[in-house]
Structure formats: structure tokens, C-alpha cells
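> So that you have it, the file is work_8.csv, and it contains CSV, C-alpha atoms and all ligand atoms:
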```csv
chain,number,residue,atom,x,y,z
A,1369,MET,CA,71.2,-20.8,-187.2
A,1370,ILE,CA,68.0,-19.3,-188.7
A,1371,PHE,CA,65.2,-21.8,-188.8
A,1372,LEU,CA,62.7,-21.3,-191.7
A,1373,ASP,CA,61.1,-24.7,-191.7
A,1374,ASN,CA,58.5,-24.1,-189.1
A,1375,ALA,CA,55.7,-25.9,-191.0
A,1376,GLY,CA,57.8,-29.1,-190.4
A,1377,THR,CA,58.2,-28.4,-186.7
A,1378,THR,CA,58.8,-25.6,-184.3
A,1379,LYS,CA,61.2,-25.0,-181.4
A,1380,MET,CA,59.5,-25.8,-178.2
A,1381,PHE,CA,58.6,-23.0,-175.8
A,1382,GLU,CA,61.0,-23.1,-172.8
A,1383,GLU,CA,57.9,-22.7,-170.6
A,1384,CYS,CA,56.9,-26.3,-171.5
A,1385,VAL,CA,59.9,-27.7,-169.7
A,1386,GLU,CA,58.6,-26.4,-166.3
A,1387,VAL,CA,55.2,-27.8,-167.1
A,1388,HIS,CA,56.7,-31.1,-168.1
A,1389,LYS,CA,58.6,-31.3,-164.8
A,1390,LYS,CA,55.5,-30.5,-162.8
A,1391,TYR,CA,53.3,-33.1,-164.4
A,1392,SER,CA,56.0,-35.8,-164.6
A,1393,CYS,CA,57.8,-35.5,-161.3
A,1394,GLU,CA,55.2,-33.9,-158.9
A,1395,ASP,CA,51.7,-34.4,-160.2
A,1396,PHE,CA,52.5,-37.6,-162.1
A,1397,PHE,CA,49.4,-39.6,-161.1
A,1398,ASN,CA,47.4,-41.8,-163.4
A,1399,PRO,CA,44.1,-40.0,-164.1
A,1400,SER,CA,42.2,-43.3,-164.2
A,1401,ALA,CA,43.2,-44.4,-160.6
A,1402,LEU,CA,41.1,-43.8,-157.6
A,1403,SER,CA,43.3,-41.8,-155.2
A,1404,VAL,CA,42.4,-38.2,-154.6
A,1405,GLU,CA,45.6,-37.2,-156.4
A,1406,SER,CA,44.5,-39.2,-159.5
A,1407,MET,CA,41.0,-37.9,-159.4
A,1408,ASN,CA,42.5,-34.4,-159.4
A,1409,MET,CA,44.4,-35.3,-162.6
A,1410,ALA,CA,41.1,-36.5,-164.1
A,1411,LYS,CA,39.5,-33.2,-163.2
A,1412,LEU,CA,42.4,-31.2,-164.7
A,1413,LEU,CA,42.1,-33.2,-167.9
A,1414,ASN,CA,38.4,-32.5,-168.0
A,1415,GLU,CA,38.9,-28.8,-167.5
A,1416,THR,CA,41.7,-28.8,-170.2
A,1417,GLU,CA,39.4,-30.5,-172.7
A,1418,LYS,CA,36.9,-27.6,-172.1
A,1419,PHE,CA,39.8,-25.2,-172.5
A,1420,PHE,CA,40.6,-26.6,-176.0
A,1421,LEU,CA,36.9,-26.6,-176.9
A,1422,LYS,CA,36.8,-22.9,-176.1
A,1423,THR,CA,40.0,-22.3,-178.0
A,1424,LEU,CA,38.3,-23.8,-181.1
A,1425,ASP,CA,35.2,-21.8,-180.4
A,1426,ALA,CA,33.1,-25.0,-180.3
A,1427,THR,CA,29.8,-25.0,-178.6
A,1428,GLN,CA,29.5,-28.8,-178.3
A,1429,GLY,CA,31.7,-31.9,-178.7
A,1430,ASN,CA,34.8,-33.3,-177.1
A,1431,VAL,CA,38.6,-33.3,-177.6
A,1432,ILE,CA,40.4,-36.6,-177.8
A,1433,PHE,CA,44.2,-36.3,-177.1
A,1434,THR,CA,46.4,-38.5,-179.3
A,1435,GLY,CA,50.1,-39.0,-179.9
A,1436,CYS,CA,50.4,-37.0,-183.2
A,1437,ALA,CA,48.2,-35.5,-185.8
A,1438,THR,CA,48.9,-38.5,-188.0
A,1439,GLU,CA,47.1,-40.5,-185.4
A,1440,SER,CA,44.3,-37.9,-185.2
A,1441,ASN,CA,43.8,-38.1,-188.9
A,1442,ASN,CA,43.8,-41.9,-189.0
A,1443,LEU,CA,41.3,-42.0,-186.1
A,1444,ALA,CA,39.0,-39.5,-187.8
A,1445,ILE,CA,38.9,-41.3,-191.1
A,1446,LYS,CA,39.1,-45.0,-190.1
A,1447,GLY,CA,36.8,-44.3,-187.1
A,1448,SER,CA,34.2,-43.0,-189.5
A,1449,LEU,CA,34.2,-45.9,-192.0
A,1450,ARG,CA,31.0,-47.9,-192.3
A,1451,SER,CA,30.2,-51.0,-194.3
A,1452,GLY,CA,27.7,-50.6,-197.0
A,1453,ASP,CA,27.3,-48.5,-200.2
A,1454,TRP,CA,29.1,-45.4,-199.0
A,1455,GLU,CA,31.4,-42.9,-200.7
A,1456,TYR,CA,34.4,-41.0,-199.4
A,1457,VAL,CA,35.7,-37.6,-200.5
A,1458,PHE,CA,39.2,-36.2,-200.2
A,1459,SER,CA,41.0,-33.3,-201.7
A,1460,GLU,CA,44.1,-33.9,-203.8
A,1461,GLY,CA,46.0,-31.5,-201.5
A,1462,GLU,CA,45.9,-33.6,-198.4
A,1463,HIS,CA,48.9,-34.4,-196.2
A,1464,PRO,CA,50.2,-38.0,-196.5
A,1465,SER,CA,48.5,-38.8,-193.2
A,1466,VAL,CA,45.2,-38.3,-194.9
A,1467,TYR,CA,46.0,-38.9,-198.5
A,1468,ASN,CA,47.7,-42.3,-198.0
A,1469,VAL,CA,44.8,-43.5,-195.8
A,1470,ALA,CA,42.5,-42.5,-198.7
A,1471,GLN,CA,44.7,-44.4,-201.2
A,1472,LYS,CA,44.6,-47.5,-199.1
A,1473,LEU,CA,40.8,-47.2,-198.7
A,1474,LYS,CA,40.5,-47.1,-202.5
A,1475,LEU,CA,42.8,-50.1,-202.9
A,1476,ASP,CA,40.6,-51.9,-200.5
A,1477,GLY,CA,37.7,-51.4,-202.8
A,1478,ALA,CA,35.9,-48.3,-201.3
A,1479,LYS,CA,34.4,-45.7,-203.6
A,1480,VAL,CA,36.8,-42.8,-203.1
A,1481,HIS,CA,36.7,-39.4,-204.9
A,1482,PHE,CA,39.7,-37.1,-205.0
A,1483,VAL,CA,38.7,-33.5,-205.7
A,1484,PRO,CA,41.3,-31.5,-207.6
A,1485,LEU,CA,42.9,-28.2,-206.5
A,1486,THR,CA,42.5,-24.9,-208.4
A,1487,SER,CA,45.5,-22.9,-209.5
A,1488,ALA,CA,45.1,-21.0,-206.2
A,1489,GLY,CA,45.9,-24.2,-204.4
A,1490,VAL,CA,42.5,-24.6,-202.8
A,1491,VAL,CA,40.0,-27.4,-203.3
A,1492,ASP,CA,37.9,-26.9,-206.4
A,1493,LEU,CA,34.4,-26.2,-205.0
A,1494,GLY,CA,32.8,-26.6,-208.4
A,1495,VAL,CA,34.0,-30.2,-208.6
A,1496,LEU,CA,33.3,-30.9,-204.9
A,1497,LYS,CA,29.6,-30.0,-205.6
A,1498,THR,CA,29.5,-32.7,-208.3
A,1499,VAL,CA,30.7,-35.6,-206.1
A,1500,LEU,CA,28.7,-34.9,-202.9
A,1501,ASN,CA,25.5,-36.9,-202.5
A,1502,GLU,CA,23.3,-38.8,-200.1
A,1503,LYS,CA,25.8,-41.7,-200.1
A,1504,THR,CA,28.8,-39.6,-199.0
A,1505,ARG,CA,29.9,-40.9,-195.7
A,1506,LEU,CA,33.1,-38.7,-195.1
A,1507,ILE,CA,34.5,-35.6,-196.5
A,1508,SER,CA,38.1,-34.9,-195.5
A,1509,ILE,CA,39.6,-31.5,-196.6
A,1510,MET,CA,42.5,-29.8,-194.9
A,1511,HIS,CA,42.3,-26.3,-193.4
A,1512,VAL,CA,45.7,-24.8,-194.5
A,1513,SER,CA,48.0,-26.5,-197.0
A,1514,ASN,CA,51.3,-27.6,-195.4
A,1515,GLU,CA,53.0,-27.1,-198.8
A,1516,THR,CA,51.6,-23.8,-200.1
A,1517,GLY,CA,49.8,-22.2,-197.2
A,1518,ALA,CA,46.6,-22.0,-199.3
A,1519,ILE,CA,43.5,-21.8,-197.0
A,1520,ASN,CA,40.3,-23.7,-197.8
A,1521,ASP,CA,37.0,-22.0,-197.2
A,1522,LEU,CA,35.6,-24.1,-194.4
A,1523,VAL,CA,32.4,-22.2,-194.1
A,1524,GLU,CA,31.6,-22.7,-197.8
A,1525,ILE,CA,32.6,-26.4,-197.6
A,1526,SER,CA,30.3,-26.8,-194.6
A,1527,LYS,CA,27.4,-25.3,-196.5
A,1528,LEU,CA,28.0,-27.7,-199.4
A,1529,LYS,CA,28.1,-30.6,-197.0
A,1530,ASP,CA,24.8,-29.6,-195.3
A,1531,LYS,CA,23.0,-29.1,-198.6
A,1532,LEU,CA,24.4,-31.9,-200.7
A,1533,ALA,CA,25.7,-34.6,-198.4
A,1534,PRO,CA,23.6,-34.4,-195.2
A,1535,ARG,CA,24.6,-37.9,-194.0
A,1536,ALA,CA,28.4,-37.2,-194.3
A,1537,VAL,CA,30.8,-36.3,-191.5
A,1538,LEU,CA,33.2,-33.5,-192.3
A,1539,HIS,CA,36.8,-34.0,-191.2
A,1540,VAL,CA,39.3,-31.2,-191.4
A,1541,ASP,CA,43.1,-31.6,-190.9
A,1542,GLY,CA,43.7,-28.3,-189.1
A,1543,VAL,CA,47.4,-28.9,-188.3
A,1544,GLN,CA,48.7,-25.8,-190.2
A,1545,GLY,CA,45.7,-23.6,-189.2
A,1546,PHE,CA,45.4,-24.2,-185.5
A,1547,MET,CA,46.5,-21.2,-183.5
A,1548,LYS,CA,47.8,-19.6,-186.7
A,1549,ILE,CA,44.7,-18.6,-188.5
A,1550,PRO,CA,41.7,-17.0,-186.6
A,1551,PHE,CA,39.1,-19.8,-186.7
A,1552,SER,CA,35.6,-20.5,-185.2
A,1553,MET,CA,34.3,-24.0,-185.1
A,1554,ARG,CA,30.7,-22.9,-184.5
A,1555,LYS,CA,30.6,-21.1,-187.9
A,1556,THR,CA,31.2,-24.4,-189.6
A,1557,SER,CA,29.6,-27.9,-189.7
A,1558,ILE,CA,32.9,-29.6,-189.0
A,1559,ASP,CA,32.5,-33.0,-187.2
A,1560,LEU,CA,36.2,-33.8,-186.7
A,1561,TYR,CA,39.2,-31.5,-186.6
A,1562,SER,CA,42.9,-32.6,-186.1
A,1563,PHE,CA,45.6,-30.4,-184.6
A,1564,SER,CA,49.1,-31.0,-183.4
A,1565,ALA,CA,51.3,-29.5,-180.6
A,1566,HIS,CA,54.7,-29.6,-182.2
A,1567,LYS,CA,53.6,-27.1,-185.0
A,1568,ILE,CA,52.8,-24.5,-182.3
A,1569,HIS,CA,56.0,-24.6,-180.2
A,1570,GLY,CA,54.8,-27.6,-178.2
A,1571,PRO,CA,56.4,-31.0,-177.6
A,1572,LYS,CA,56.3,-33.8,-180.1
A,1573,GLY,CA,54.1,-36.7,-179.2
A,1574,VAL,CA,50.9,-35.0,-178.4
A,1575,ALA,CA,48.0,-33.8,-180.6
A,1576,GLY,CA,44.2,-33.5,-180.6
A,1577,LEU,CA,41.1,-34.5,-182.4
A,1578,TYR,CA,38.0,-32.4,-182.0
A,1579,VAL,CA,35.0,-34.8,-182.2
A,1580,LYS,CA,31.5,-33.3,-182.4
A,1581,ASN,CA,29.7,-36.6,-181.8
A,1582,LYS,CA,31.9,-39.2,-180.0
A,1583,SER,CA,29.4,-42.0,-180.3
A,1584,ALA,CA,29.6,-41.9,-184.1
A,1585,LEU,CA,33.4,-42.5,-184.0
A,1586,LYS,CA,34.8,-46.0,-183.8
A,1587,GLU,CA,37.9,-46.6,-181.7
A,1588,LEU,CA,41.1,-47.8,-183.5
A,1589,PHE,CA,42.3,-50.0,-180.7
A,1590,GLN,CA,40.8,-51.6,-177.6
A,1591,GLY,CA,42.0,-51.1,-174.1
A,1592,GLY,CA,41.2,-49.6,-170.8
A,1593,GLY,CA,38.5,-47.3,-172.2
A,1594,GLN,CA,40.1,-44.0,-171.5
A,1595,GLN,CA,38.9,-40.8,-173.3
A,1596,TYR,CA,35.3,-42.1,-173.7
A,1597,GLY,CA,36.6,-45.4,-175.1
A,1598,VAL,CA,37.6,-43.6,-178.3
A,1599,ARG,CA,41.3,-43.6,-177.5
A,1600,SER,CA,42.4,-46.1,-174.9
A,1601,GLY,CA,45.7,-45.7,-173.2
A,1602,THR,CA,46.9,-43.7,-170.1
A,1603,GLU,CA,46.7,-40.0,-171.0
A,1604,SER,CA,50.0,-38.1,-171.0
A,1605,VAL,CA,48.9,-35.4,-168.6
A,1606,SER,CA,52.3,-33.8,-168.9
A,1607,SER,CA,52.2,-33.5,-172.7
A,1608,ILE,CA,48.6,-32.4,-172.7
A,1609,MET,CA,49.4,-29.6,-170.2
A,1610,GLN,CA,52.4,-28.5,-172.3
A,1611,PHE,CA,50.1,-28.3,-175.3
A,1612,ARG,CA,47.7,-26.2,-173.3
A,1613,LYS,CA,50.6,-23.9,-172.2
A,1614,CYS,CA,51.4,-23.2,-175.8
A,1615,VAL,CA,47.9,-22.2,-176.6
A,1616,GLU,CA,47.8,-19.9,-173.6
A,1617,ILE,CA,51.0,-18.2,-174.8
A,1618,LEU,CA,50.0,-17.8,-178.5
A,1619,ASN,CA,47.6,-15.2,-179.8
A,1620,PRO,CA,46.6,-16.0,-183.4
A,1621,ALA,CA,45.2,-12.5,-184.2
A,1622,VAL,CA,48.4,-10.8,-183.1
A,1623,ASN,CA,50.7,-13.4,-184.5
A,1624,HIS,CA,49.0,-13.4,-187.9
A,1625,GLU,CA,49.7,-9.8,-188.4
A,1626,ARG,CA,53.3,-10.1,-187.2
A,1627,VAL,CA,54.1,-13.0,-189.5
A,1628,SER,CA,52.4,-11.2,-192.4
A,1629,LYS,CA,54.9,-8.4,-191.9
A,1630,ILE,CA,57.9,-10.7,-191.7
A,1631,LYS,CA,56.8,-12.5,-194.9
A,1632,VAL,CA,56.7,-9.1,-196.7
A,1633,LEU,CA,60.1,-8.2,-195.3
A,1634,PHE,CA,61.7,-11.5,-196.5
A,1635,ASN,CA,60.1,-11.3,-199.9
A,1636,GLU,CA,61.0,-7.7,-200.6
A,1637,ILE,CA,64.7,-8.8,-200.6
A,1638,VAL,CA,64.5,-12.2,-202.3
A,1639,GLU,CA,62.1,-11.1,-205.1
A,1640,LYS,CA,64.7,-8.5,-206.2
A,1641,VAL,CA,67.0,-11.3,-207.2
A,1642,ASP,CA,66.7,-12.2,-210.9
A,1643,GLY,CA,65.3,-15.7,-211.3
A,1644,VAL,CA,63.6,-15.9,-207.9
A,1645,LYS,CA,59.8,-16.3,-207.9
A,1646,VAL,CA,57.5,-16.4,-204.9
A,1647,LEU,CA,54.5,-18.7,-205.3
A,1648,ASP,CA,52.0,-16.5,-203.4
A,1649,PHE,CA,48.7,-18.3,-202.8
A,1650,LYS,CA,47.4,-15.4,-200.6
A,1651,GLY,CA,46.9,-17.9,-197.8
A,1652,SER,CA,48.6,-18.4,-194.5
A,1653,PRO,CA,51.4,-15.9,-193.8
A,1654,TYR,CA,53.4,-18.8,-192.3
A,1655,ILE,CA,54.1,-20.8,-195.4
A,1656,GLU,CA,55.3,-20.0,-199.0
A,1657,SER,CA,57.2,-21.7,-201.8
A,1658,LEU,CA,60.1,-20.1,-203.6
A,1659,ILE,CA,61.3,-21.0,-207.0
A,1660,PHE,CA,65.0,-20.6,-207.9
A,1661,ALA,CA,65.1,-20.9,-211.7
A,1662,GLY,CA,67.9,-23.1,-213.0
A,1663,VAL,CA,68.9,-24.5,-209.6
A,1664,LYS,CA,67.5,-27.6,-207.9
A,1665,GLY,CA,65.6,-26.9,-204.7
A,1666,GLU,CA,67.6,-29.6,-203.0
A,1667,THR,CA,70.9,-27.9,-204.0
A,1668,MET,CA,69.6,-24.6,-202.5
A,1669,LEU,CA,68.5,-26.4,-199.3
A,1670,HIS,CA,72.0,-27.9,-198.7
A,1671,ALA,CA,73.8,-24.7,-199.7
A,1672,LEU,CA,71.6,-22.7,-197.3
A,1673,ASN,CA,72.1,-25.2,-194.6
A,1674,GLN,CA,75.9,-24.7,-194.8
A,1675,ARG,CA,75.3,-20.9,-194.4
A,1676,GLY,CA,73.1,-21.6,-191.3
A,1677,VAL,CA,69.7,-21.1,-192.9
A,1678,ILE,CA,67.3,-24.1,-192.6
A,1679,VAL,CA,64.5,-24.3,-195.1
A,1680,GLY,CA,62.3,-27.2,-196.2
A,1681,LEU,CA,61.4,-29.1,-199.4
A,1682,GLY,CA,57.6,-29.5,-198.9
A,1683,SER,CA,56.2,-31.9,-196.3
A,1684,ALA,CA,58.9,-33.3,-194.0
A,1685,CYS,CA,57.1,-36.7,-194.4
A,1686,SER,CA,57.6,-36.5,-198.2
A,1687,ALA,CA,60.9,-34.6,-198.4
A,1688,LYS,CA,62.8,-37.7,-199.3
A,1689,LYS,CA,60.5,-38.6,-202.2
A,1690,ALA,CA,61.0,-37.1,-205.7
A,1691,GLY,CA,58.6,-34.5,-207.0
A,1692,ASN,CA,55.9,-32.6,-205.2
A,1693,ARG,CA,52.4,-34.1,-205.5
A,1694,ILE,CA,50.7,-30.9,-204.3
A,1695,LEU,CA,52.5,-28.4,-206.6
A,1696,GLU,CA,51.8,-30.9,-209.4
A,1697,ALA,CA,48.1,-30.9,-208.5
A,1698,ILE,CA,48.0,-27.1,-208.7
A,1699,GLY,CA,49.6,-27.2,-212.1
A,1700,VAL,CA,53.0,-25.7,-211.3
A,1701,ALA,CA,55.5,-26.5,-214.2
A,1702,GLN,CA,57.8,-29.5,-213.6
A,1703,GLU,CA,60.9,-27.3,-213.9
A,1704,ASP,CA,59.6,-24.9,-211.2
A,1705,ILE,CA,58.7,-27.8,-208.9
A,1706,ILE,CA,62.3,-29.1,-209.2
A,1707,SER,CA,63.6,-25.7,-208.3
A,1708,SER,CA,61.2,-25.1,-205.4
A,1709,VAL,CA,61.9,-24.7,-201.7
A,1710,ARG,CA,59.4,-24.3,-198.9
A,1711,VAL,CA,60.0,-21.4,-196.5
A,1712,SER,CA,57.9,-21.3,-193.3
A,1713,PHE,CA,58.0,-18.8,-190.5
A,1714,ASN,CA,57.1,-18.5,-186.9
A,1715,ALA,CA,55.7,-15.6,-185.0
A,1716,TYR,CA,58.8,-15.0,-182.9
A,1717,GLN,CA,61.4,-14.4,-185.6
A,1718,THR,CA,63.0,-11.0,-185.4
A,1719,ASP,CA,63.0,-8.5,-188.3
A,1720,GLU,CA,66.8,-8.6,-188.2
A,1721,GLU,CA,66.9,-12.4,-188.4
A,1722,ILE,CA,64.5,-12.4,-191.4
A,1723,VAL,CA,66.4,-9.7,-193.3
A,1724,GLU,CA,69.7,-11.6,-192.6
A,1725,ALA,CA,68.1,-14.9,-193.9
A,1726,ALA,CA,66.8,-13.2,-197.0
A,1727,LYS,CA,70.2,-11.7,-197.8
A,1728,ILE,CA,71.8,-15.1,-197.4
A,1729,VAL,CA,69.2,-16.7,-199.7
A,1730,ALA,CA,69.9,-14.1,-202.3
A,1731,GLU,CA,73.7,-14.5,-202.0
A,1732,VAL,CA,73.6,-18.3,-202.1
A,1733,TYR,CA,71.4,-18.3,-205.2
A,1734,LYS,CA,73.6,-15.8,-207.1
A,1735,ASP,CA,76.7,-17.8,-206.1
A,1736,ILE,CA,75.3,-21.2,-207.3
A,1737,LYS,CA,73.9,-19.6,-210.5
A,1738,GLU,CA,77.3,-18.2,-211.3
A,1739,ARG,CA,79.0,-21.5,-210.7
A,1740,VAL,CA,76.6,-23.5,-212.9
A,1741,SER,CA,76.5,-21.1,-215.8
B,1,LIG,N1,48.7,-32.7,-191.4
B,1,LIG,C1,49.5,-31.6,-191.8
B,1,LIG,C2,48.8,-30.6,-192.7
B,1,LIG,C3,50.8,-31.5,-191.5
B,1,LIG,O1,51.5,-30.5,-191.9
B,1,LIG,C4,51.4,-32.5,-190.6
B,1,LIG,C5,52.8,-32.5,-190.3
B,1,LIG,O2,53.7,-32.1,-191.2
B,1,LIG,C6,50.6,-33.6,-190.2
B,1,LIG,C7,49.3,-33.6,-190.6
B,1,LIG,C8,51.2,-34.7,-189.3
B,1,LIG,O3,51.4,-34.2,-188.0
B,1,LIG,P1,52.2,-35.0,-186.9
B,1,LIG,O4,53.6,-34.7,-187.2
B,1,LIG,O5,51.7,-34.4,-185.6
B,1,LIG,O6,51.8,-36.4,-187.1
```
Starting from the file, lay out its structure as C-alpha cells.

Amino acid sequence: MIFLDNAGTTKMFEECVEVHKKYSCEDFFNPSALSVESMNMAKLLNETEKFFLKTLDATQGNVIFTGCATESNNLAIKGSLRSGDWEYVFSEGEHPSVYNVAQKLKLDGAKVHFVPLTSAGVVDLGVLKTVLNEKTRLISIMHVSNETGAINDLVEISKLKDKLAPRAVLHVDGVQGFMKIPFSMRKTSIDLYSFSAHKIHGPKGVAGLYVKNKSALKELFQGGGQQYGVRSGTESVSSIMQFRKCVEILNPAVNHERVSKIKVLFNEIVEKVDGVKVLDFKGSPYIESLIFAGVKGETMLHALNQRGVIVGLGSACSAKKAGNRILEAIGVAQEDIISSVRVSFNAYQTDEEIVEAAKIVAEVYKDIKERVS
């Protein structure tokens, strides 16, 4: 099996299993209890929080560990809501865990702006400028698109926030950027940044939220007051330590280059096939969309699956819904959207595997085309 749906999830590093065992069966203590063993767990969490801050290149702030990035995004947005005459700004390209929260906010009567995407798949900064003002409470714009790989310019967005919406908090869904794209928090004015373990070879069920000013974030639920009262509930030390292990193993600068090469290798083969088009947004090397003219993306997905190649149809959360909101927002033609498939790589795929996958993609497409013509 060749897995090319790594934006959906990734295979967990085997190293995580050992870490899981250590912090579940040996050092399993509750970090909030008073024994020496528990206090050691609390210290370890504290040190791990600093480790994540350093990884993000943040000079201040905290990291709150959550159960998934969907939770991180909900906490960031709902925790920033305030009563009064405020406005909320989102991009049209957001993942459902942001976009659907924004839609609900709008339904509930808040003043919500959706900023369109350019044909390059990034947020339209010209339009963004026109909606930011003194009343803007929150701006939520993703780092890297999970559908197209397009990368938003977070430094430029930070400048616009500082100049035009000084009272706003800036939230970034960093799930597809974290440990994949070189990034420095200190070069931005980001207040909240979400990231998830299972997209970087970690376990499912653990994610993070960087919080610049924790006293400005309201908790979503009440409880024992763990994690500064922002996210009550006993911390999953085992999951958090596995998440940390993944970060220790990965090296974004090296991986970025490696994945860029595999993407070129893959595309060199598939682009030679008549009718195949790569939607290249010059963004993350990890994600791209392929258009198979005349064949439904879903048909390609199932036929490839039978030949042992797993690809995606956009966001796993929306794969069962018709159409593709993001490609539509970019202005991709309907017939291309129907024929689109998302291919997403990881840094550990071998050249041989990628060449083999590309050949299978080419064969399967030619075969289906012949049968339907
Ligand atoms: N944000 C983006 C950009 C994603 O790609 C995903 C997962 O597909 C999420 C948020 C949700 O992450 P999680 O599965 O950890 O809730």
C-alpha cells in the first residue's frame, strides 16, 4: 500500500509506542496530585510546554494541550468572543473546524466577514485591508491550506492587523504548516496558533494551542482548573510526550527539501499523461490537487485504492460532502472540481515508492478513460 493522503493523517512513528508505554504504565501519575511522582509529571509538562514554545520560536506565551486541532480552533475562536459591537474576520479557505464555527457565529447574529481567496489560493490581502477596523475582535486565517497547500503570508497579515485592527486577536490554524514549513512565531503578531499531532506522525487525540495572552482567552468548559484554567481535565502526559517525540524526530528544513523533490518526481510522471493537470499553488510541497479530465475524482480514488494507492478527496472531514468549497472559492471550474483528487506526501516516502505510485496513477487513469470513451 502506498499512502498519499498524509494531509488527512499520517502513520504514527514507532518511537511513539515506547513513549506511550513509559508514560502510561510506568510514569502514569496525575500531574495535579501531590506525590513526588505527580509533581515530577507536572515539572515534565512544564518543561515540555517550553519545548513547544521554543519549537514555535515564540518568545512569550503558553501552550495549551487539547484533544485535537478541532478543539484548539474552537477554543481559540469561542474563547475570544466578547459581547458588544465587535466584528469577526475569517478567510473563505478555512477548514470546517474554523469555517463552521464562523458560520454558526453569523447565524447567531454576530458581524462576520468572510475574506475571499485569490486565484493563487491565498487570502486576498486587498479585501482583508478593507474589512479590518477598530471593532475587529478576531481574525482567523489558516497557515497552509489543507486542500491546496497554498501558504498565507502570516508576516504581512500580522502587519495589517497591527496597523488596521489593533484591538483584534489573530488566530492561525497552523495544522498543515506545523513542522512542515519553516516558521517563526516571533516574526508575526499571532496571538493563537493551532497544531495537531496526528498530521506529523503522532497519535490521534492530542493537539496544541499556542496562546500569547492566556488571561484574554475564556475557557470552554469548567473543571479542575488544569492548564491555567483554560483547559480543565487531566492532561494526557503520554499523548503529549508522544507529540513531543515527533517534533524531536522531524526537521522541517530538511524535510521540506526532501518532499519538494518527491513532489517533482511524482509530477514528472503524471503530467506526461494526456488529460492530467496538476493544480500548483506554489505552496506547501506536501499537498497538491490533481485534475483527471473526464473522470470523476471519486472514481479515480476507488480505482487507485484497488491498486493499493490511497489518495484523498480534499479534507477528510468534508470528503463525504459533494463539491469542494475551497476549490470553488479559488475559481476552479466545476468540471475540474468534480475530477479533482488531493495527493499529499510525507517526508519518509522513498523515491521508488513515489515513482511506483505515479505509474499506477497514470495507468489507472488511462484505463478508466479507455473504458468510458
Ligand atoms: N485544520 C486543518 C487545516 C486540518 O487540515 C485539520 C485536519 O484535517 C484540522 C484543522 C482538524 O484537525 P484534527 O483532526 O486534529 O481535529
> Check the smallest atom-to-atom distance from each of A:Asp1642, A:Asp1559, A:Glu1636, A:Glu1625 to Lys1734 in chain A using all atoms listed in the file, then report the winner.
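Of A:Asp1642, A:Asp1559, A:Glu1636, A:Glu1625, the one nearest Lys1734 in chain A is A:Asp1642, counting all atoms listed in the file.
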> List all protein, DNA and RNA residues that have at least one atom no more than 8 Å from any atom of ligand LIG 1 (chain B), counting all atoms listed in the file, and write them as an MDAnalysis selection string.
chainID A and resid 1375:1377 1435:1441 1462:1466 1510:1515 1541:1544 1562:1567 1572:1575 1683:1685
> Take the point (45.3, -23.3, -174.3) as written in the file and pick out every residue within 10 Å of it, counting all atoms listed in the file; give the list as a list in words.
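Residues satisfying the cut-off, written out: Thr1416, Glu1417, Lys1418, Phe1419, Phe1420, Leu1421, Lys1422, Thr1423, Leu1424, Met1547, Ile1608, Met1609, Gln1610, Phe1611, Arg1612, Lys1613, Cys1614, Val1615, Glu1616, Ile1617 and Leu1618 of chain A.
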> Rank A:His1569, A:Lys1664, A:Lys1650, A:His1388 by their smallest atom-to-atom distance to Asn1520 in chain A, using only C-alpha atoms, and report the top residue only.
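So, comparing all the options, the nearest one is A:Lys1650.
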> Which is closer to Met1553 in chain A than all the others in A:Asn1501, A:Thr1427, A:Thr1378, A:Ser1707, using only C-alpha atoms?
A:Thr1427
> Name all residues at most 7 Å from Thr1516 in chain A (count all atoms listed in the file; drop same-chain ones fewer than 2 positions away) and give them as a ChimeraX atom specification.
/A:1513-1514,1518,1649,1655-1657
> Pick out the closest residue to Glu1524 in chain A from this set: A:Val1537, A:Ile1706, A:Ile1509, A:Ala1426. Count only C-alpha atoms.
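Closest to Glu1524 in chain A of all the choices is A:Ile1509.
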> Could you tell me how far CA of Met1380 in chain A sits from CA of Glu1603 in chain A, in Å to one decimal place?
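We find that CA of Glu1603 in chain A and CA of Met1380 in chain A lie 20.4 Å from each other.
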> With distances taken over only C-alpha atoms, which of A:Arg1450, A:Asn1408, A:Gln1471, A:Leu1402 is nearest to Leu1585 in chain A?
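Smallest distance to Leu1585 in chain A is found for A:Arg1450.
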> Have a look at A:Lys1527, A:Val1677, A:Thr1486, A:Thr1602 and name the one nearest to Ala1401 in chain A; count all atoms listed in the file.
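Once distances to Ala1401 in chain A are computed over all atoms listed in the file, the minimum belongs to A:Thr1602.
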> Find the residues around Lys1586 in chain A up to 12 Å (all atoms listed in the file counted), leave out those fewer than 2 positions away in its own chain, and share them as a count of residues only.
22
